[in-house]
>>> print(open('entry33.cif').read())   # mmCIF, C-alpha atoms and all ligand atoms
data_input
loop_
_atom_site.label_atom_id
_atom_site.label_comp_id
_atom_site.auth_asym_id
_atom_site.auth_seq_id
_atom_site.Cartn_x
_atom_site.Cartn_y
_atom_site.Cartn_z
CA MET T 1 0.00 0.00 0.00
CA ASP T 2 1.26 3.48 -0.92
CA ILE T 3 -0.02 6.84 0.31
CA ASP T 4 0.65 10.03 -1.59
CA ILE T 5 -0.52 13.13 0.27
CA ILE T 6 -1.90 15.82 -2.02
CA GLU T 7 -3.24 18.22 0.60
CA LEU T 8 -3.04 18.20 4.37
CA SER T 9 -4.26 21.18 6.35
CA GLU T 10 -5.78 21.48 9.81
CA ARG T 11 -9.31 20.86 8.49
CA LYS T 12 -8.91 19.07 5.17
CA ALA T 13 -7.00 16.10 3.79
CA ARG T 14 -6.66 14.70 0.29
CA PHE T 15 -4.45 11.76 -0.56
CA VAL T 16 -4.00 8.96 -3.07
CA LEU T 17 -4.18 5.46 -1.67
CA SER T 18 -2.64 2.88 -4.02
CA GLY T 19 -2.38 -0.90 -4.00
CA VAL T 20 -5.62 -1.47 -2.03
CA SER T 21 -9.10 -2.79 -2.84
CA ALA T 22 -12.23 -0.62 -3.03
CA SER T 23 -13.53 -2.29 0.15
CA PHE T 24 -10.38 -1.27 2.05
CA ALA T 25 -10.69 2.34 0.82
CA ASN T 26 -14.33 2.28 1.93
CA ALA T 27 -13.32 0.90 5.33
CA ILE T 28 -11.00 3.90 5.78
CA ARG T 29 -13.82 6.27 4.76
CA ARG T 30 -16.27 4.65 7.17
CA SER T 31 -13.73 4.65 9.98
CA ILE T 32 -13.07 8.38 9.46
CA LEU T 33 -16.81 9.08 9.71
CA ALA T 34 -17.82 6.69 12.47
CA GLU T 35 -14.92 5.38 14.57
CA VAL T 36 -12.86 8.38 15.67
CA PRO T 37 -13.63 9.32 19.30
CA VAL T 38 -14.29 12.99 20.07
CA MET T 39 -15.98 14.97 22.82
CA ALA T 40 -19.52 16.34 22.34
CA ILE T 41 -22.21 17.73 24.61
CA ASP T 42 -24.41 14.83 25.65
CA ASP T 43 -26.47 16.13 28.57
CA VAL T 44 -27.73 19.60 29.46
CA ASN T 45 -28.93 20.84 32.84
CA ILE T 46 -31.10 23.89 32.25
CA TYR T 47 -31.29 26.21 35.25
CA GLU T 48 -33.02 29.06 33.44
CA ASN T 49 -34.39 29.48 29.93
CA THR T 50 -36.69 32.39 29.21
CA SER T 51 -35.69 32.51 25.52
CA VAL T 52 -37.97 31.69 22.58
CA LEU T 53 -36.39 28.23 22.21
CA PHE T 54 -37.74 25.15 23.97
CA ASP T 55 -35.25 23.45 26.30
CA GLU T 56 -35.00 20.51 23.87
CA GLN T 57 -34.13 22.75 20.89
CA LEU T 58 -31.52 24.59 22.91
CA SER T 59 -29.98 21.26 24.04
CA LEU T 60 -29.96 19.93 20.46
CA ARG T 61 -28.08 23.03 19.26
CA LEU T 62 -25.53 22.70 22.04
CA GLY T 63 -24.99 19.02 21.21
CA LEU T 64 -24.07 19.85 17.61
CA ILE T 65 -21.30 22.32 18.48
CA PRO T 66 -17.95 20.63 17.63
CA LEU T 67 -15.57 20.63 20.58
CA LYS T 68 -11.80 20.64 20.14
CA THR T 69 -10.88 17.29 21.61
CA ASP T 70 -8.03 16.06 23.71
CA ASN T 71 -9.02 12.40 23.47
CA LYS T 72 -5.92 11.22 25.36
CA SER T 73 -7.33 12.68 28.60
CA TYR T 74 -10.82 11.17 28.42
CA VAL T 75 -12.29 7.68 28.19
CA PHE T 76 -15.67 6.41 27.02
CA PRO T 77 -18.16 6.46 29.92
CA GLU T 78 -18.79 2.72 29.39
CA ASP T 79 -15.04 1.98 29.76
CA CYS T 80 -14.49 4.24 32.78
CA ASN T 81 -13.77 2.92 36.28
CA CYS T 82 -16.78 4.90 37.51
CA LYS T 83 -18.94 2.70 35.22
CA GLY T 84 -20.43 5.79 33.57
CA ALA T 85 -21.63 7.45 36.77
CA GLY T 86 -19.53 10.50 35.81
CA CYS T 87 -16.02 11.46 36.91
CA PRO T 88 -13.28 13.81 35.58
CA LEU T 89 -12.06 11.03 33.26
CA CYS T 90 -15.35 10.56 31.38
CA LYS T 91 -17.25 13.80 31.89
CA LEU T 92 -16.55 17.49 31.24
CA SER T 93 -18.68 20.42 32.32
CA LEU T 94 -19.23 23.53 30.20
CA THR T 95 -21.38 26.42 31.40
CA LEU T 96 -23.32 29.06 29.57
CA SER T 97 -24.86 32.11 31.19
CA ALA T 98 -26.19 34.92 29.05
CA GLU T 99 -28.79 37.66 29.18
CA GLY T 100 -30.33 39.58 26.27
CA PRO T 101 -30.35 41.51 24.20
CA LYS T 102 -27.59 39.58 22.45
CA ILE T 103 -26.84 36.72 20.10
CA VAL T 104 -25.30 33.87 22.08
CA HIS T 105 -22.43 32.17 20.25
CA SER T 106 -20.50 28.94 20.85
CA GLY T 107 -17.63 31.07 22.17
CA ASP T 108 -19.83 32.05 25.14
CA LEU T 109 -19.56 28.49 26.48
CA VAL T 110 -17.05 28.30 29.33
CA SER T 111 -15.26 24.95 29.58
CA ALA T 112 -13.79 23.51 32.77
CA ASP T 113 -10.96 22.11 30.61
CA PRO T 114 -9.04 24.64 28.49
CA MET T 115 -8.02 21.79 26.15
CA VAL T 116 -11.65 21.04 25.23
CA THR T 117 -13.41 24.13 23.93
CA PRO T 118 -15.72 24.93 20.99
CA ALA T 119 -13.79 24.40 17.74
CA ASP T 120 -15.35 27.58 16.34
CA THR T 121 -16.37 30.45 18.56
CA THR T 122 -18.77 32.11 16.13
CA ILE T 123 -21.52 29.47 15.80
CA PRO T 124 -24.78 31.23 16.71
CA ILE T 125 -26.84 29.34 19.32
CA ILE T 126 -29.74 31.66 20.08
CA GLU T 127 -30.83 35.29 19.82
CA LEU T 128 -31.91 36.60 23.21
CA LYS T 129 -34.31 39.55 23.29
CA ASP T 130 -34.40 42.10 26.11
CA LYS T 131 -34.50 40.40 29.56
CA HIS T 132 -34.37 36.89 28.02
CA LYS T 133 -31.93 34.69 29.90
CA VAL T 134 -30.30 31.28 29.60
CA VAL T 135 -28.27 29.59 32.32
CA VAL T 136 -27.19 26.02 31.55
CA GLU T 137 -24.57 23.45 32.39
CA ALA T 138 -23.63 21.23 29.46
CA ILE T 139 -21.98 17.85 30.04
CA ALA T 140 -19.60 16.64 27.33
CA ARG T 141 -18.57 13.00 26.94
CA LEU T 142 -16.38 11.01 24.59
CA GLY T 143 -18.20 9.17 21.81
CA THR T 144 -18.03 8.16 18.14
CA GLY T 145 -20.08 8.98 15.06
CA ARG T 146 -21.29 5.37 15.04
CA LYS T 147 -23.50 6.27 18.02
CA HIS T 148 -24.62 9.78 16.99
CA SER T 149 -23.56 12.31 14.35
CA LYS T 150 -22.69 14.87 17.05
CA TRP T 151 -19.59 12.73 17.72
CA GLN T 152 -18.61 12.67 14.05
CA ALA T 153 -15.17 14.28 13.69
CA GLY T 154 -14.62 13.58 9.99
CA VAL T 155 -17.16 14.99 7.53
CA ALA T 156 -17.67 15.02 3.75
CA GLY T 157 -15.54 11.89 3.42
CA GLY T 158 -15.42 10.25 0.02
CA PHE T 159 -13.21 8.55 -2.52
CA LYS T 160 -13.04 7.89 -6.24
CA ASN T 161 -10.91 5.64 -8.39
CA MET T 162 -7.79 7.31 -9.77
CA PRO T 163 -8.57 8.34 -13.37
CA VAL T 164 -6.33 7.01 -16.15
CA ILE T 165 -6.29 8.84 -19.50
CA THR T 166 -4.58 7.30 -22.54
CA ILE T 167 -4.21 8.90 -25.93
CA GLY T 168 -3.61 6.84 -29.06
CA GLU T 169 -3.18 7.93 -32.66
CA CYS T 170 -4.40 11.52 -32.83
CA ASP T 171 -4.54 14.48 -35.27
CA TYR T 172 -4.24 17.16 -32.54
CA CYS T 173 -7.56 18.75 -33.49
CA GLY T 174 -7.93 20.03 -29.91
CA ASN T 175 -11.64 19.11 -29.58
CA CYS T 176 -11.01 17.20 -26.36
CA VAL T 177 -9.07 20.15 -24.90
CA GLU T 178 -11.93 22.55 -25.63
CA VAL T 179 -14.67 20.37 -24.20
CA CYS T 180 -12.90 19.39 -20.95
CA PRO T 181 -14.56 21.34 -18.11
CA ARG T 182 -11.60 20.83 -15.78
CA ASN T 183 -8.70 21.81 -18.04
CA ILE T 184 -7.08 18.39 -17.76
CA LEU T 185 -5.89 18.31 -21.37
CA LYS T 186 -3.46 20.55 -23.23
CA ILE T 187 -1.98 20.56 -26.73
CA GLU T 188 1.77 20.96 -26.54
CA GLY T 189 3.43 20.80 -29.95
CA ASN T 190 2.53 17.48 -31.52
CA LYS T 191 1.20 16.03 -28.31
CA VAL T 192 -1.94 16.00 -26.18
CA LYS T 193 -0.71 16.35 -22.64
CA VAL T 194 -2.63 15.22 -19.55
CA VAL T 195 -2.14 17.63 -16.64
CA ASN T 196 -3.42 17.21 -13.09
CA VAL T 197 -5.23 13.94 -13.88
CA ILE T 198 -6.39 13.71 -10.26
CA GLU T 199 -8.94 16.48 -10.96
CA CYS T 200 -10.53 14.55 -13.87
CA SER T 201 -14.20 13.91 -13.07
CA MET T 202 -14.35 11.02 -15.58
CA CYS T 203 -17.26 12.73 -17.35
CA ARG T 204 -15.91 11.31 -20.66
CA LEU T 205 -16.94 14.41 -22.65
CA CYS T 206 -13.47 14.25 -24.24
CA GLU T 207 -14.12 10.72 -25.54
CA GLY T 208 -17.41 11.85 -27.11
CA GLU T 209 -15.70 14.72 -28.96
CA CYS T 210 -12.89 12.63 -30.41
CA ASP T 211 -13.65 11.58 -34.02
CA MET T 212 -10.57 9.35 -34.11
CA ASP T 213 -11.51 7.41 -31.01
CA ALA T 214 -8.02 8.24 -29.77
CA ILE T 215 -8.68 9.24 -26.18
CA LYS T 216 -9.77 6.73 -23.54
CA VAL T 217 -10.74 7.49 -19.96
CA THR T 218 -10.60 4.56 -17.54
CA SER T 219 -9.83 4.14 -13.87
CA ASP T 220 -7.20 2.36 -11.84
CA PRO T 221 -9.04 -0.37 -9.86
CA VAL T 222 -6.48 -0.38 -7.02
CA SER T 223 -5.81 3.33 -6.64
CA PHE T 224 -8.16 5.82 -4.96
CA VAL T 225 -8.29 9.56 -4.40
CA MET T 226 -9.61 10.10 -0.87
CA THR T 227 -10.87 13.37 0.59
CA PHE T 228 -12.33 14.33 3.93
CA GLU T 229 -12.82 17.42 6.07
CA THR T 230 -13.06 17.83 9.82
CA THR T 231 -15.48 19.60 12.14
CA GLY T 232 -12.48 21.09 13.94
CA ALA T 233 -12.72 18.62 16.83
CA LEU T 234 -9.40 17.06 15.74
CA SER T 235 -6.88 17.89 13.03
CA ALA T 236 -7.18 16.04 9.72
CA LYS T 237 -3.89 14.26 10.47
CA ASP T 238 -5.12 13.02 13.87
CA ILE T 239 -8.39 11.81 12.36
CA ALA T 240 -6.55 9.82 9.66
CA LEU T 241 -4.26 8.25 12.28
CA GLU T 242 -7.14 7.42 14.64
CA ALA T 243 -9.23 5.95 11.78
CA ALA T 244 -6.36 3.72 10.58
CA GLY T 245 -5.60 2.72 14.20
CA SER T 246 -9.25 1.74 14.72
CA ILE T 247 -9.20 -0.56 11.66
CA LYS T 248 -5.93 -2.14 12.82
CA LYS T 249 -7.30 -2.72 16.32
CA ARG T 250 -10.50 -4.34 15.05
CA ALA T 251 -8.54 -6.52 12.59
CA GLU T 252 -6.34 -7.72 15.48
CA GLN T 253 -9.43 -8.48 17.58
CA LEU T 254 -10.94 -10.46 14.70
CA SER T 255 -7.69 -12.35 14.25
CA GLU T 256 -7.63 -13.26 17.96
CA ILE T 257 -11.23 -14.52 17.79
CA VAL T 258 -10.55 -16.59 14.65
CA ASN T 259 -7.34 -18.04 16.14
CA ALA T 260 -9.22 -19.06 19.28
CA LEU T 261 -11.73 -21.15 17.28
S1 LIG B 1 -13.19 12.74 -18.59
FE1 LIG B 1 -14.05 14.82 -18.42
S2 LIG B 1 -12.77 15.84 -16.90
FE2 LIG B 1 -11.67 14.00 -17.52
S3 LIG B 1 -10.31 14.70 -19.15
FE3 LIG B 1 -12.17 13.98 -20.15
S4 LIG B 1 -13.46 15.79 -20.35
FE4 LIG B 1 -11.85 16.28 -18.88
S1 LIG B 2 -10.09 14.99 -29.78
FE1 LIG B 2 -9.02 13.08 -30.22
S2 LIG B 2 -7.90 13.53 -32.10
FE2 LIG B 2 -8.51 15.52 -31.25
S3 LIG B 2 -6.74 16.12 -29.98
FE3 LIG B 2 -8.16 15.03 -28.65
S4 LIG B 2 -7.44 12.91 -28.70
FE4 LIG B 2 -6.50 13.96 -30.42
ZN ZN B 3 -15.80 8.08 34.85
#
>>> encode(input="entry33.cif", output="structure tokens", more="lines below")
Ligand code: SF4
Ligand code: SF4
Ligand SMILES: [Zn+2]
Amino acid sequence: MDIDIIELSERKARFVLSGVSASFANAIRRSILAEVPVMAIDDVNIYENTSVLFDEQLSLRLGLIPLKTDNKSYVFPEDCNCKGAGCPLCKLSLTLSAEGPKIVHSGDLVSADPMVTPADTTIPIIELKDKHKVVVEAIARLGTGRKHSKWQAGVAGGFKNMPVITIGECDYCGNCVEVCPRNILKIEGNKVKVVNVIECSMCRLCEGECDMDAIKVTSDPVSFVMTFETTGALSAKDIALEAAGSIKKRAEQLSEIVNAL
């Protein structure tokens, strides 16, 4: 297996995975979406809410605010020594106290742990009118997207086969170059050059425009272009590492079970 990183920023990753099957690439995608543990608000104690939002709506909005996660310091409630009763290892408290008139943003949440705070501070939660007030304590816990989308750290994850473009005998008419919506093809002297093939959408418009049947667009069955973004809970690099680690761990568990049969 080879990995060629095309783009790696805090919130986005794009890489080419070669020498693997489609099911393995899909396992990576699914693991990124569903198996990476992050913190999210899971319980809300409402002490005062005189806003226009019902308590349930307010709680739902709080639950969907991505929290920057330090997942080395927390454990799943079900794995904790306290058996999920709630202790500093499996539970984090964030408070919110605001009075109108104002728009309450995610940045108004005050976390008891400076390492776990809203990933973006400008997410609007509620508009409070004059004398409206909210006072809440939000409890965050570690979880995965498999259980609920609020724990989903990787988003917009997808992959496609690596496009392969071959050009046979050709009269350099340039029709394929003109029709390509992604500027993948160029005429250079007596040659049709393929540039940035990774951006090819495989729409095959170029094939349809070629009277000589010279250009062929196919895909590499063992090479995939993978892309995903993050909610900001973890960096793209950490999500990729956690997702791969989760697959490895489950494969080892399966191997142990099979060997014990
Ligand atoms: S398949 Fe579509 S995007 Fe790819 S080179 Fe041909 S026209 Fe361009
Ligand atoms: S359309 Fe066909 S013949 Fe014309 S430049 Fe492209 S590949 Fe060559
Ligand atoms: Zn605990």
>>> closest_atom_pairs(input="entry33.cif", of="chain T", to="ligand LIG 1 (chain B)", cutoff="12 Å", atoms="only C-alpha atoms and all ligand atoms", output="CSV")
residue,atom,partner,partner_atom,distance
T:Met162,CA,B:LIG1,FE2,10.9
T:Pro163,CA,B:LIG1,FE2,7.7
T:Val164,CA,B:LIG1,FE2,8.9
T:Ile165,CA,B:LIG1,S3,7.1
T:Thr166,CA,B:LIG1,S3,10.0
T:Ile167,CA,B:LIG1,S3,10.8
T:Gly174,CA,B:LIG1,S4,11.8
T:Asn175,CA,B:LIG1,S4,10.0
T:Cys176,CA,B:LIG1,S4,6.6
T:Val177,CA,B:LIG1,FE4,7.7
T:Glu178,CA,B:LIG1,S4,8.7
T:Val179,CA,B:LIG1,S4,6.1
T:Cys180,CA,B:LIG1,S4,3.7
T:Pro181,CA,B:LIG1,FE4,5.8
T:Arg182,CA,B:LIG1,S2,5.2
T:Asn183,CA,B:LIG1,FE4,6.4
T:Ile184,CA,B:LIG1,S3,5.1
T:Leu185,CA,B:LIG1,S3,6.1
T:Lys186,CA,B:LIG1,S3,9.9
T:Val192,CA,B:LIG1,S3,11.0
T:Lys193,CA,B:LIG1,S3,10.3
T:Val194,CA,B:LIG1,S3,7.7
T:Val195,CA,B:LIG1,S3,9.0
T:Asn196,CA,B:LIG1,S3,9.5
T:Val197,CA,B:LIG1,S3,7.4
T:Ile198,CA,B:LIG1,FE2,9.0
T:Glu199,CA,B:LIG1,S2,7.1
T:Cys200,CA,B:LIG1,FE2,3.9
T:Ser201,CA,B:LIG1,S2,4.5
T:Met202,CA,B:LIG1,S1,3.7
T:Cys203,CA,B:LIG1,FE1,4.0
T:Arg204,CA,B:LIG1,S1,3.7
T:Leu205,CA,B:LIG1,S4,4.4
T:Cys206,CA,B:LIG1,S4,4.2
T:Glu207,CA,B:LIG1,FE3,6.6
T:Gly208,CA,B:LIG1,S4,8.8
T:Glu209,CA,B:LIG1,S4,9.0
T:Cys210,CA,B:LIG1,FE3,10.4
T:Ala214,CA,B:LIG1,FE3,11.9
T:Ile215,CA,B:LIG1,FE3,8.4
T:Lys216,CA,B:LIG1,FE3,8.4
T:Val217,CA,B:LIG1,S1,6.0
T:Thr218,CA,B:LIG1,S1,8.6
T:Ser219,CA,B:LIG1,S1,10.4
>>> write_last_selection(input="entry33.cif", atoms="C-alpha atoms", output="mmCIF file, in the frame of the given file")
data_model
loop_
_atom_site.group_PDB
_atom_site.id
_atom_site.type_symbol
_atom_site.label_atom_id
_atom_site.label_comp_id
_atom_site.auth_asym_id
_atom_site.auth_seq_id
_atom_site.Cartn_x
_atom_site.Cartn_y
_atom_site.Cartn_z
ATOM 1 C CA MET T 162 -7.790 7.310 -9.770
ATOM 2 C CA PRO T 163 -8.570 8.340 -13.370
ATOM 3 C CA VAL T 164 -6.330 7.010 -16.150
ATOM 4 C CA ILE T 165 -6.290 8.840 -19.500
ATOM 5 C CA THR T 166 -4.580 7.300 -22.540
ATOM 6 C CA ILE T 167 -4.210 8.900 -25.930
ATOM 7 C CA GLY T 174 -7.930 20.030 -29.910
ATOM 8 C CA ASN T 175 -11.640 19.110 -29.580
ATOM 9 C CA CYS T 176 -11.010 17.200 -26.360
ATOM 10 C CA VAL T 177 -9.070 20.150 -24.900
ATOM 11 C CA GLU T 178 -11.930 22.550 -25.630
ATOM 12 C CA VAL T 179 -14.670 20.370 -24.200
ATOM 13 C CA CYS T 180 -12.900 19.390 -20.950
ATOM 14 C CA PRO T 181 -14.560 21.340 -18.110
ATOM 15 C CA ARG T 182 -11.600 20.830 -15.780
ATOM 16 C CA ASN T 183 -8.700 21.810 -18.040
ATOM 17 C CA ILE T 184 -7.080 18.390 -17.760
ATOM 18 C CA LEU T 185 -5.890 18.310 -21.370
ATOM 19 C CA LYS T 186 -3.460 20.550 -23.230
ATOM 20 C CA VAL T 192 -1.940 16.000 -26.180
ATOM 21 C CA LYS T 193 -0.710 16.350 -22.640
ATOM 22 C CA VAL T 194 -2.630 15.220 -19.550
ATOM 23 C CA VAL T 195 -2.140 17.630 -16.640
ATOM 24 C CA ASN T 196 -3.420 17.210 -13.090
ATOM 25 C CA VAL T 197 -5.230 13.940 -13.880
ATOM 26 C CA ILE T 198 -6.390 13.710 -10.260
ATOM 27 C CA GLU T 199 -8.940 16.480 -10.960
ATOM 28 C CA CYS T 200 -10.530 14.550 -13.870
ATOM 29 C CA SER T 201 -14.200 13.910 -13.070
ATOM 30 C CA MET T 202 -14.350 11.020 -15.580
ATOM 31 C CA CYS T 203 -17.260 12.730 -17.350
ATOM 32 C CA ARG T 204 -15.910 11.310 -20.660
ATOM 33 C CA LEU T 205 -16.940 14.410 -22.650
ATOM 34 C CA CYS T 206 -13.470 14.250 -24.240
ATOM 35 C CA GLU T 207 -14.120 10.720 -25.540
ATOM 36 C CA GLY T 208 -17.410 11.850 -27.110
ATOM 37 C CA GLU T 209 -15.700 14.720 -28.960
ATOM 38 C CA CYS T 210 -12.890 12.630 -30.410
ATOM 39 C CA ALA T 214 -8.020 8.240 -29.770
ATOM 40 C CA ILE T 215 -8.680 9.240 -26.180
ATOM 41 C CA LYS T 216 -9.770 6.730 -23.540
ATOM 42 C CA VAL T 217 -10.740 7.490 -19.960
ATOM 43 C CA THR T 218 -10.600 4.560 -17.540
ATOM 44 C CA SER T 219 -9.830 4.140 -13.870
#
>>> atom_distance(input="entry33.cif", atom1="atom CA of T:Leu96", atom2="atom CA of T:Ser235")
25.9 Å
>>> closest_atom_pairs(input="entry33.cif", of="stretch 69-142 of chain T", to="stretch 36-50 of chain T", cutoff="12 Å", atoms="all atoms listed in the file", output="CSV")
residue,atom,partner,partner_atom,distance
T:Thr69,CA,T:Val38,CA,5.7
T:Asp70,CA,T:Val38,CA,7.9
T:Asn71,CA,T:Val38,CA,6.3
T:Lys72,CA,T:Pro37,CA,10.0
T:Ser73,CA,T:Met39,CA,10.7
T:Tyr74,CA,T:Met39,CA,8.5
T:Val75,CA,T:Pro37,CA,9.1
T:Phe76,CA,T:Pro37,CA,8.5
T:Pro77,CA,T:Asp42,CA,11.3
T:Gly86,CA,T:Asp43,CA,11.5
T:Leu89,CA,T:Met39,CA,11.8
T:Cys90,CA,T:Met39,CA,9.6
T:Lys91,CA,T:Met39,CA,9.2
T:Leu92,CA,T:Ile41,CA,8.7
T:Ser93,CA,T:Ile41,CA,8.9
T:Leu94,CA,T:Ile41,CA,8.6
T:Thr95,CA,T:Asn45,CA,9.5
T:Leu96,CA,T:Ile46,CA,9.7
T:Ser97,CA,T:Glu48,CA,9.0
T:Ala98,CA,T:Asn49,CA,9.9
T:Glu99,CA,T:Thr50,CA,9.5
T:Gly100,CA,T:Thr50,CA,10.0
T:Ser106,CA,T:Ile41,CA,11.9
T:Leu109,CA,T:Ile41,CA,11.2
T:Ser111,CA,T:Ile41,CA,11.2
T:Asp113,CA,T:Met39,CA,11.7
T:Met115,CA,T:Met39,CA,11.0
T:Val116,CA,T:Met39,CA,7.8
T:Thr117,CA,T:Met39,CA,9.6
T:Pro118,CA,T:Ala40,CA,9.5
T:Ala119,CA,T:Ala40,CA,10.9
T:Ile126,CA,T:Asn49,CA,11.1
T:Glu127,CA,T:Thr50,CA,11.4
T:Leu128,CA,T:Thr50,CA,8.8
T:Lys129,CA,T:Thr50,CA,9.6
T:Asp130,CA,T:Thr50,CA,10.4
T:Lys131,CA,T:Thr50,CA,8.3
T:His132,CA,T:Thr50,CA,5.2
T:Lys133,CA,T:Thr50,CA,5.3
T:Val134,CA,T:Asn49,CA,4.5
T:Val135,CA,T:Glu48,CA,4.9
T:Val136,CA,T:Ile46,CA,4.5
T:Glu137,CA,T:Asn45,CA,5.1
T:Ala138,CA,T:Val44,CA,4.4
T:Ile139,CA,T:Asp43,CA,5.0
T:Ala140,CA,T:Ile41,CA,3.9
T:Arg141,CA,T:Met39,CA,5.3
T:Leu142,CA,T:Met39,CA,4.4
>>> closest_residue(input="entry33.cif", among="T:Ala25, T:Ile5, T:Ala244, T:Cys82", to="ligand ZN 3 (chain B)", atoms="all atoms listed in the file")
T:Cys82
>>> closest_residue(input="entry33.cif", among="T:Met1, T:Leu53, T:Met226, T:Ala112", to="T:Val16", atoms="all atoms listed in the file")
T:Met226
>>> residues_around(input="entry33.cif", residues="T:Glu10", least_positions_apart="5", cutoff="8 Å", atoms="all atoms listed in the file", output="ChimeraX atom specification")
/T:232,235-237
>>> write_last_selection(input="entry33.cif", atoms="C-alpha atoms", output="PDB file, in the coordinates of the input")
ATOM      1  CA  GLY T 232     -12.480  21.090  13.940  1.00  0.00           C
ATOM      2  CA  SER T 235      -6.880  17.890  13.030  1.00  0.00           C
ATOM      3  CA  ALA T 236      -7.180  16.040   9.720  1.00  0.00           C
ATOM      4  CA  LYS T 237      -3.890  14.260  10.470  1.00  0.00           C
TER       5      LYS T 237
END
>>> atom_distance(input="entry33.cif", atom1="atom CA of T:Trp151", atom2="atom CA of T:Leu234")
11.2 Å
>>> atom_distance(input="entry33.cif", atom1="atom CA of T:Ile28", atom2="atom CA of T:Ala243")
6.6 Å
>>> axis_aligned_box(input="entry33.cif", around="stretch 203-215 of chain T", padding_each_side="6 Å", output="AutoDock Vina command-line options")
--center_x -12.7 --center_y 11.1 --center_z -25.7 --size_x 21.4 --size_y 19.3 --size_z 28.8
>>> closest_residue(input="entry33.cif", among="T:Val222, T:Thr121, T:Thr144, T:Lys83", to="T:Ser246", atoms="all atoms listed in the file")
T:Thr144
>>> closest_residue(input="entry33.cif", among="T:Ile65, T:Asn259, T:Phe159, T:His148", to="T:Glu35", atoms="all atoms listed in the file")
T:His148
>>> closest_residue(input="entry33.cif", among="T:Cys173, T:Leu261, T:Ala156, T:Ala85", to="ligand ZN 3 (chain B)", atoms="all atoms listed in the file")
T:Ala85
>>> closest_residue(input="entry33.cif", among="T:Glu7, T:Asp79, T:Asp2, T:Asp55", to="ligand ZN 3 (chain B)", atoms="all atoms listed in the file")
T:Asp79
>>> decode(input="entry33.cif", residues="stretch 241-252 of chain T", atoms="N, CA and C atoms", output="short mmCIF file (atom, residue, chain, number, x, y, z; two decimals), in the first residue's frame")
data_model
loop_
_atom_site.label_atom_id
_atom_site.label_comp_id
_atom_site.auth_asym_id
_atom_site.auth_seq_id
_atom_site.Cartn_x
_atom_site.Cartn_y
_atom_site.Cartn_z
N LEU T 241 -5.00 9.20 11.44
CA LEU T 241 -4.26 8.25 12.28
C LEU T 241 -5.20 7.43 13.16
N GLU T 242 -6.18 8.11 13.77
CA GLU T 242 -7.14 7.42 14.64
C GLU T 242 -7.97 6.42 13.83
N ALA T 243 -8.38 6.83 12.61
CA ALA T 243 -9.23 5.95 11.78
C ALA T 243 -8.45 4.70 11.38
N ALA T 244 -7.18 4.88 10.98
CA ALA T 244 -6.36 3.72 10.58
C ALA T 244 -6.10 2.83 11.81
N GLY T 245 -5.85 3.48 12.96
CA GLY T 245 -5.60 2.72 14.20
C GLY T 245 -6.82 1.90 14.59
N SER T 246 -8.01 2.45 14.38
CA SER T 246 -9.25 1.74 14.72
C SER T 246 -9.42 0.49 13.85
N ILE T 247 -9.10 0.61 12.56
CA ILE T 247 -9.20 -0.56 11.66
C ILE T 247 -8.21 -1.64 12.10
N LYS T 248 -6.98 -1.19 12.41
CA LYS T 248 -5.93 -2.14 12.82
C LYS T 248 -6.37 -2.89 14.09
N LYS T 249 -6.89 -2.11 15.05
CA LYS T 249 -7.30 -2.72 16.32
C LYS T 249 -8.41 -3.76 16.11
N ARG T 250 -9.39 -3.40 15.27
CA ARG T 250 -10.50 -4.34 15.05
C ARG T 250 -10.04 -5.57 14.27
N ALA T 251 -9.07 -5.37 13.34
CA ALA T 251 -8.54 -6.52 12.59
C ALA T 251 -7.80 -7.46 13.55
N GLU T 252 -7.07 -6.88 14.50
CA GLU T 252 -6.34 -7.72 15.48
C GLU T 252 -7.34 -8.48 16.37
#
